[in-house]
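Undergrad: Data file work-v1.txt (compact mmCIF, N, CA and C atoms and all ligand atoms) is appended below.
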# COMPACT_ATOMS: atom_id res chain seq x y z
N MET I 741 120.61 92.79 125.54
CA MET I 741 119.96 93.43 124.39
C MET I 741 120.41 94.87 124.28
N ALA I 742 120.66 95.32 123.04
CA ALA I 742 121.07 96.71 122.81
C ALA I 742 119.91 97.65 123.13
N THR I 743 120.23 98.82 123.63
CA THR I 743 119.19 99.81 123.94
C THR I 743 119.55 101.13 123.28
N ASN I 744 118.54 102.00 123.13
CA ASN I 744 118.81 103.34 122.61
C ASN I 744 119.21 104.24 123.77
N GLY I 745 119.35 105.55 123.49
CA GLY I 745 119.80 106.48 124.52
C GLY I 745 118.88 106.55 125.73
N ALA I 746 117.60 106.23 125.54
CA ALA I 746 116.64 106.31 126.64
C ALA I 746 116.55 104.98 127.39
N GLY I 747 117.40 104.04 127.06
CA GLY I 747 117.37 102.76 127.75
C GLY I 747 116.30 101.82 127.24
N LEU I 748 115.68 102.20 126.12
CA LEU I 748 114.64 101.36 125.53
C LEU I 748 115.22 100.56 124.38
N PRO I 749 114.65 99.41 124.07
CA PRO I 749 115.14 98.64 122.92
C PRO I 749 114.89 99.42 121.63
N PRO I 750 115.71 99.21 120.61
CA PRO I 750 115.51 99.95 119.35
C PRO I 750 114.17 99.61 118.72
N ARG I 751 113.56 100.60 118.07
CA ARG I 751 112.28 100.39 117.41
C ARG I 751 112.48 99.76 116.04
N ASP I 752 111.53 98.92 115.65
CA ASP I 752 111.50 98.43 114.28
C ASP I 752 111.00 99.55 113.39
N ALA I 753 111.48 99.61 112.18
CA ALA I 753 111.02 100.63 111.23
C ALA I 753 110.80 99.98 109.88
N MET I 754 109.71 100.34 109.23
CA MET I 754 109.41 99.85 107.88
C MET I 754 109.04 101.04 107.02
N ASP I 755 109.54 101.06 105.80
CA ASP I 755 109.27 102.16 104.88
C ASP I 755 108.12 101.81 103.92
N PHE I 756 107.20 102.77 103.73
CA PHE I 756 106.11 102.62 102.77
C PHE I 756 105.96 103.93 102.01
N ASP I 757 105.40 103.84 100.81
CA ASP I 757 105.13 105.07 100.05
C ASP I 757 103.94 105.80 100.65
N VAL I 758 102.92 105.06 101.08
CA VAL I 758 101.70 105.67 101.61
C VAL I 758 101.29 104.95 102.90
N VAL I 759 100.96 105.71 103.91
CA VAL I 759 100.44 105.16 105.16
C VAL I 759 99.02 105.68 105.34
N ILE I 760 98.07 104.76 105.44
CA ILE I 760 96.67 105.13 105.65
C ILE I 760 96.28 104.70 107.05
N VAL I 761 95.74 105.62 107.82
CA VAL I 761 95.33 105.31 109.19
C VAL I 761 93.83 105.05 109.20
N GLY I 762 93.47 103.83 109.56
CA GLY I 762 92.07 103.46 109.67
C GLY I 762 91.62 102.55 108.55
N ALA I 763 91.19 101.35 108.91
CA ALA I 763 90.73 100.36 107.92
C ALA I 763 89.22 100.33 107.86
N GLY I 764 88.62 101.53 107.84
CA GLY I 764 87.20 101.63 107.57
C GLY I 764 86.99 101.65 106.06
N PRO I 765 85.77 101.84 105.63
CA PRO I 765 85.50 101.89 104.19
C PRO I 765 86.35 102.94 103.47
N SER I 766 86.55 104.10 104.09
CA SER I 766 87.33 105.15 103.42
C SER I 766 88.79 104.74 103.24
N GLY I 767 89.39 104.26 104.31
CA GLY I 767 90.80 103.87 104.24
C GLY I 767 91.04 102.71 103.29
N LEU I 768 90.17 101.73 103.35
CA LEU I 768 90.34 100.56 102.48
C LEU I 768 90.14 100.92 101.01
N SER I 769 89.13 101.74 100.74
CA SER I 769 88.89 102.11 99.34
C SER I 769 90.02 103.00 98.83
N ALA I 770 90.56 103.85 99.69
CA ALA I 770 91.70 104.68 99.29
C ALA I 770 92.91 103.80 98.96
N ALA I 771 93.15 102.81 99.79
CA ALA I 771 94.30 101.92 99.55
C ALA I 771 94.13 101.15 98.24
N ILE I 772 92.95 100.63 98.02
CA ILE I 772 92.69 99.87 96.78
C ILE I 772 92.83 100.77 95.57
N HIS I 773 92.26 101.97 95.66
CA HIS I 773 92.30 102.88 94.51
C HIS I 773 93.72 103.32 94.20
N LEU I 774 94.51 103.59 95.22
CA LEU I 774 95.91 103.97 94.99
C LEU I 774 96.67 102.86 94.27
N LYS I 775 96.46 101.62 94.71
CA LYS I 775 97.14 100.49 94.07
C LYS I 775 96.67 100.34 92.63
N GLN I 776 95.37 100.56 92.39
CA GLN I 776 94.84 100.46 91.02
C GLN I 776 95.44 101.55 90.13
N LEU I 777 95.54 102.78 90.66
CA LEU I 777 96.11 103.87 89.88
C LEU I 777 97.57 103.58 89.54
N ALA I 778 98.31 103.08 90.52
CA ALA I 778 99.72 102.78 90.27
C ALA I 778 99.85 101.67 89.24
N ALA I 779 99.02 100.64 89.35
CA ALA I 779 99.08 99.53 88.38
C ALA I 779 98.73 100.03 86.98
N ALA I 780 97.73 100.91 86.88
CA ALA I 780 97.34 101.45 85.57
C ALA I 780 98.45 102.28 84.97
N ALA I 781 99.27 102.91 85.83
CA ALA I 781 100.38 103.73 85.35
C ALA I 781 101.63 102.89 85.14
N GLY I 782 101.52 101.59 85.36
CA GLY I 782 102.66 100.70 85.14
C GLY I 782 103.72 100.78 86.22
N SER I 783 103.34 101.27 87.39
CA SER I 783 104.31 101.35 88.48
C SER I 783 103.74 100.64 89.70
N GLU I 784 104.53 100.57 90.73
CA GLU I 784 104.09 99.90 91.95
C GLU I 784 104.41 100.78 93.14
N ILE I 785 103.44 100.90 94.05
CA ILE I 785 103.68 101.64 95.28
C ILE I 785 103.35 100.73 96.45
N SER I 786 104.01 100.99 97.55
CA SER I 786 103.70 100.21 98.75
C SER I 786 102.75 101.02 99.61
N VAL I 787 101.66 100.39 100.00
CA VAL I 787 100.63 101.04 100.81
C VAL I 787 100.39 100.20 102.05
N VAL I 788 100.37 100.85 103.20
CA VAL I 788 100.06 100.13 104.43
C VAL I 788 98.84 100.78 105.07
N VAL I 789 97.96 99.97 105.61
CA VAL I 789 96.77 100.46 106.31
C VAL I 789 96.92 100.07 107.78
N LEU I 790 96.88 101.08 108.65
CA LEU I 790 96.98 100.83 110.09
C LEU I 790 95.60 100.87 110.71
N GLU I 791 95.25 99.90 111.50
CA GLU I 791 93.94 99.84 112.13
C GLU I 791 94.12 99.57 113.63
N LYS I 792 93.47 100.40 114.43
CA LYS I 792 93.61 100.23 115.89
C LYS I 792 92.71 99.13 116.42
N GLY I 793 91.68 98.77 115.67
CA GLY I 793 90.80 97.70 116.11
C GLY I 793 91.51 96.35 116.06
N SER I 794 90.90 95.37 116.69
CA SER I 794 91.53 94.04 116.77
C SER I 794 91.63 93.39 115.40
N GLU I 795 90.75 93.80 114.48
CA GLU I 795 90.80 93.28 113.12
C GLU I 795 90.09 94.27 112.20
N VAL I 796 90.33 94.13 110.90
CA VAL I 796 89.66 95.00 109.94
C VAL I 796 88.15 94.81 110.07
N GLY I 797 87.45 95.93 110.21
CA GLY I 797 86.00 95.87 110.33
C GLY I 797 85.50 95.88 111.77
N ALA I 798 86.42 95.73 112.73
CA ALA I 798 86.00 95.63 114.13
C ALA I 798 85.32 96.90 114.61
N HIS I 799 85.68 98.07 114.01
CA HIS I 799 85.13 99.34 114.48
C HIS I 799 84.13 99.97 113.51
N ILE I 800 83.76 99.23 112.49
CA ILE I 800 82.79 99.78 111.54
C ILE I 800 81.40 99.64 112.13
N LEU I 801 80.67 100.75 112.14
CA LEU I 801 79.33 100.74 112.73
C LEU I 801 78.28 100.46 111.66
N SER I 802 77.35 99.63 111.98
CA SER I 802 76.25 99.38 111.07
C SER I 802 74.98 99.16 111.85
N GLY I 803 73.97 99.89 111.46
CA GLY I 803 72.66 99.68 112.06
C GLY I 803 71.86 98.69 111.24
N ALA I 804 72.56 98.02 110.33
CA ALA I 804 71.93 97.03 109.45
C ALA I 804 70.82 97.66 108.62
N VAL I 805 70.97 98.96 108.36
CA VAL I 805 70.02 99.65 107.49
C VAL I 805 70.75 99.88 106.16
N ILE I 806 70.79 98.87 105.36
CA ILE I 806 71.57 98.92 104.13
C ILE I 806 70.63 99.01 102.94
N ASP I 807 70.83 100.03 102.14
CA ASP I 807 70.04 100.19 100.92
C ASP I 807 70.75 99.42 99.81
N PRO I 808 70.18 98.32 99.35
CA PRO I 808 70.87 97.50 98.36
C PRO I 808 70.77 98.05 96.94
N VAL I 809 70.01 99.14 96.77
CA VAL I 809 69.83 99.69 95.43
C VAL I 809 70.90 100.75 95.16
N GLY I 810 71.70 100.53 94.13
CA GLY I 810 72.72 101.50 93.77
C GLY I 810 72.10 102.78 93.23
N GLN I 811 72.73 103.91 93.52
CA GLN I 811 72.23 105.20 93.06
C GLN I 811 72.68 105.43 91.63
N THR I 812 71.81 105.98 90.82
CA THR I 812 72.20 106.36 89.46
C THR I 812 72.16 107.87 89.35
N ALA I 813 73.05 108.38 88.53
CA ALA I 813 73.15 109.84 88.40
C ALA I 813 71.99 110.40 87.60
C1 LIG F 901 75.31 103.91 114.64
C2 LIG F 901 75.71 103.88 113.18
C3 LIG F 901 75.06 103.01 112.32
C4 LIG F 901 75.41 102.98 110.97
N1 LIG F 901 74.77 102.10 110.14
C5 LIG F 901 75.09 102.04 108.83
C6 LIG F 901 74.43 101.13 107.93
O1 LIG F 901 73.55 100.38 108.33
N2 LIG F 901 74.76 101.13 106.63
C7 LIG F 901 75.75 101.95 106.14
O2 LIG F 901 76.04 101.91 104.93
N3 LIG F 901 76.42 102.82 106.97
C8 LIG F 901 76.10 102.90 108.28
N4 LIG F 901 76.74 103.79 109.11
C9 LIG F 901 77.74 104.69 108.53
C10 LIG F 901 79.07 103.97 108.36
O3 LIG F 901 79.46 103.32 109.56
C11 LIG F 901 80.11 105.04 107.99
O4 LIG F 901 79.66 105.80 106.89
C12 LIG F 901 81.43 104.43 107.60
O5 LIG F 901 81.87 103.49 108.58
C13 LIG F 901 82.47 105.54 107.47
O6 LIG F 901 83.67 104.95 107.05
P1 LIG F 901 85.04 105.63 107.35
O7 LIG F 901 86.08 104.75 106.74
O8 LIG F 901 85.02 107.05 106.92
O9 LIG F 901 85.18 105.69 108.95
P2 LIG F 901 85.17 104.48 109.98
O10 LIG F 901 84.31 103.34 109.54
O11 LIG F 901 84.88 105.12 111.29
O12 LIG F 901 86.66 103.94 109.95
C14 LIG F 901 87.70 104.58 110.62
C15 LIG F 901 88.66 103.50 111.11
O13 LIG F 901 89.84 104.14 111.60
C16 LIG F 901 90.24 103.47 112.76
N5 LIG F 901 91.06 104.42 113.51
C17 LIG F 901 90.67 105.60 114.04
N6 LIG F 901 91.70 106.20 114.63
C18 LIG F 901 92.77 105.38 114.46
C19 LIG F 901 94.13 105.47 114.85
N7 LIG F 901 94.61 106.52 115.54
N8 LIG F 901 94.98 104.45 114.53
C20 LIG F 901 94.49 103.38 113.82
N9 LIG F 901 93.22 103.24 113.42
C21 LIG F 901 92.35 104.25 113.74
C22 LIG F 901 88.96 103.06 113.45
O14 LIG F 901 89.16 101.98 114.34
C23 LIG F 901 88.09 102.67 112.24
O15 LIG F 901 88.21 101.28 111.93
C24 LIG F 901 76.42 103.85 110.47
C25 LIG F 901 77.07 104.73 111.35
C26 LIG F 901 76.72 104.75 112.69
C27 LIG F 901 77.44 105.71 113.62
What is this structure when it is put down as structure tokens?

TA:
Amino acid sequence: MATNGAGLPPRDAMDFDVVIVGAGPSGLSAAIHLKQLAAAAGSEISVVVLEKGSEVGAHILSGAVIDPVGQTA
């Protein structure tokens, strides 16, 4: 197998327009909103969300105290 100068195998690399770290509510909503904005502008962007947890939602904390009533201005 080919190696780099440090004797390690070459790294895989992937290009994206936007990299979001963390698949919590903030990261996921940012990713969705960016894609929606791009679609509304008639363009397309690539967005990747990186999550250190074993799966999306694995690190989201909830005390199960959820207010189901939406706030109105
Ligand atoms: C004890 C507790 C109970 C709660 N209960 C409720 C509730 O009942 N109802 C409610 O609405 N809200 C509740 N909350 C609040 C809610 O959890 C937060 O408001 C919400 O999760 C914040 O979302 P966030 O996306 O900003 O951050 P987070 O949810 O913390 O998401 C950040 C994500 O980034 C990931 N991450 C961090 N560093 C890296 C890295 N270097 N590389 C890759 N991934 C990374 C984490 O694994 C995590 O998944 C509670 C919070 C706590 C602490």

Undergrad: Do you know which residues are within 9 Å of ligand LIG 901 (chain F) using only C-alpha atoms and all ligand atoms? Can you write them as a list of chain:residue names?

TA: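 So, counting only C-alpha atoms and all ligand atoms, the residues near ligand LIG 901 (chain F) are I:Ile760, I:Val761, I:Gly762, I:Ala763, I:Gly764, I:Pro765, I:Ser766, I:Gly767, I:Leu768, I:Ser769, I:Val789, I:Leu790, I:Glu791, I:Lys792, I:Gly793, I:Ser794, I:Glu795, I:Val796, I:Gly797, I:Ala798, I:His799, I:Ile800, I:Leu801, I:Ser802, I:Gly803, I:Ala804, I:Val805, I:Ile806, I:Asp807.
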
Undergrad: Would you mind reading off the distance between atom C of Asp755 of chain I and atom N of Thr743 of chain I, one decimal, in Å?

TA: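 According to the coordinates, atom C of Asp755 of chain I and atom N of Thr743 of chain I are separated by 23.3 Å.
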
Undergrad: Mind checking DSSP for chain I and telling me the strand (DSSP E or B) residues as a list of chain:residue names?

TA: I:Val758, I:Val759, I:Ile760, I:Val761, I:Val787, I:Val788, I:Val789, I:Leu790

Undergrad: Please measure the separation of atom N of Asn744 of chain I and atom C of Phe756 of chain I, giving the value in Å to one decimal.

TA: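 According to the coordinates, atom N of Asn744 of chain I and atom C of Phe756 of chain I are separated by 24.7 Å.
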
Undergrad: Could you jot down the atom C of Ala779 of chain I to atom C of Ala753 of chain I separation for me, Å, one decimal place?

TA: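 Computing it gives 25.9 Å between the two atoms.
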
Undergrad: Selecting C-alpha atoms, how would chain I from this structure be written as a CSV table (one decimal), in the first residue's frame?

TA:
chain,number,residue,atom,x,y,z
I,741,MET,CA,0.0,0.0,0.0
I,742,ALA,CA,1.2,3.5,-0.8
I,743,THR,CA,2.1,5.7,2.1
I,744,ASN,CA,2.6,9.4,2.6
I,745,GLY,CA,5.8,11.0,3.9
I,746,ALA,CA,5.0,10.0,7.5
I,747,GLY,CA,4.6,6.4,6.6
I,748,LEU,CA,0.8,6.6,6.9
I,749,PRO,CA,-1.7,5.6,4.3
I,750,PRO,CA,-3.1,8.6,2.3
I,751,ARG,CA,-6.2,10.2,3.7
I,752,ASP,CA,-9.5,10.3,1.9
I,753,ALA,CA,-10.7,13.8,1.1
I,754,MET,CA,-14.1,15.0,0.1
I,755,ASP,CA,-15.1,18.5,-0.9
I,756,PHE,CA,-18.2,20.3,0.4
I,757,ASP,CA,-19.4,23.9,0.3
I,758,VAL,CA,-20.4,23.9,4.0
I,759,VAL,CA,-19.2,21.7,6.9
I,760,ILE,CA,-21.4,21.8,10.0
I,761,VAL,CA,-20.0,20.2,13.1
I,762,GLY,CA,-22.6,18.6,15.4
I,763,ALA,CA,-25.9,17.1,14.5
I,764,GLY,CA,-27.9,18.6,17.3
I,765,PRO,CA,-30.9,20.8,16.7
I,766,SER,CA,-28.8,23.8,15.8
I,767,GLY,CA,-26.6,21.9,13.3
I,768,LEU,CA,-29.5,20.1,11.7
I,769,SER,CA,-31.6,23.2,11.3
I,770,ALA,CA,-28.7,25.1,9.9
I,771,ALA,CA,-28.1,22.4,7.3
I,772,ILE,CA,-31.8,22.3,6.3
I,773,HIS,CA,-32.1,26.1,6.2
I,774,LEU,CA,-29.0,26.4,4.0
I,775,LYS,CA,-30.3,23.8,1.5
I,776,GLN,CA,-33.7,25.6,1.5
I,777,LEU,CA,-32.1,29.0,0.8
I,778,ALA,CA,-30.0,27.5,-2.0
I,779,ALA,CA,-33.0,25.8,-3.5
I,780,ALA,CA,-35.0,29.1,-3.3
I,781,ALA,CA,-32.2,30.9,-5.1
I,782,GLY,CA,-32.2,28.2,-7.8
I,783,SER,CA,-28.8,26.9,-6.9
I,784,GLU,CA,-27.4,23.8,-5.1
I,785,ILE,CA,-24.8,23.6,-2.4
I,786,SER,CA,-23.3,20.6,-0.8
I,787,VAL,CA,-23.7,20.5,3.0
I,788,VAL,CA,-22.2,17.9,5.3
I,789,VAL,CA,-23.0,17.4,9.0
I,790,LEU,CA,-20.3,15.8,11.1
I,791,GLU,CA,-21.5,14.1,14.4
I,792,LYS,CA,-19.2,12.5,16.9
I,793,GLY,CA,-22.0,10.5,18.5
I,794,SER,CA,-22.8,7.0,17.3
I,795,GLU,CA,-25.8,8.3,15.5
I,796,VAL,CA,-27.8,11.5,15.0
I,797,GLY,CA,-29.5,12.4,18.2
I,798,ALA,CA,-27.3,10.2,20.4
I,799,HIS,CA,-25.9,13.2,22.3
I,800,ILE,CA,-29.1,15.4,22.5
I,801,LEU,CA,-30.1,15.9,26.1
I,802,SER,CA,-33.8,15.8,27.1
I,803,GLY,CA,-35.3,15.9,30.4
I,804,ALA,CA,-38.6,15.1,28.7
I,805,VAL,CA,-39.9,18.5,29.8
I,806,ILE,CA,-41.3,19.5,26.4
I,807,ASP,CA,-43.7,22.4,26.0
I,808,PRO,CA,-45.9,21.4,23.2
I,809,VAL,CA,-47.4,24.8,22.8
I,810,GLY,CA,-45.8,27.0,20.2
I,811,GLN,CA,-44.9,30.5,21.2
I,812,THR,CA,-46.6,33.4,19.4
I,813,ALA,CA,-45.1,36.8,19.1
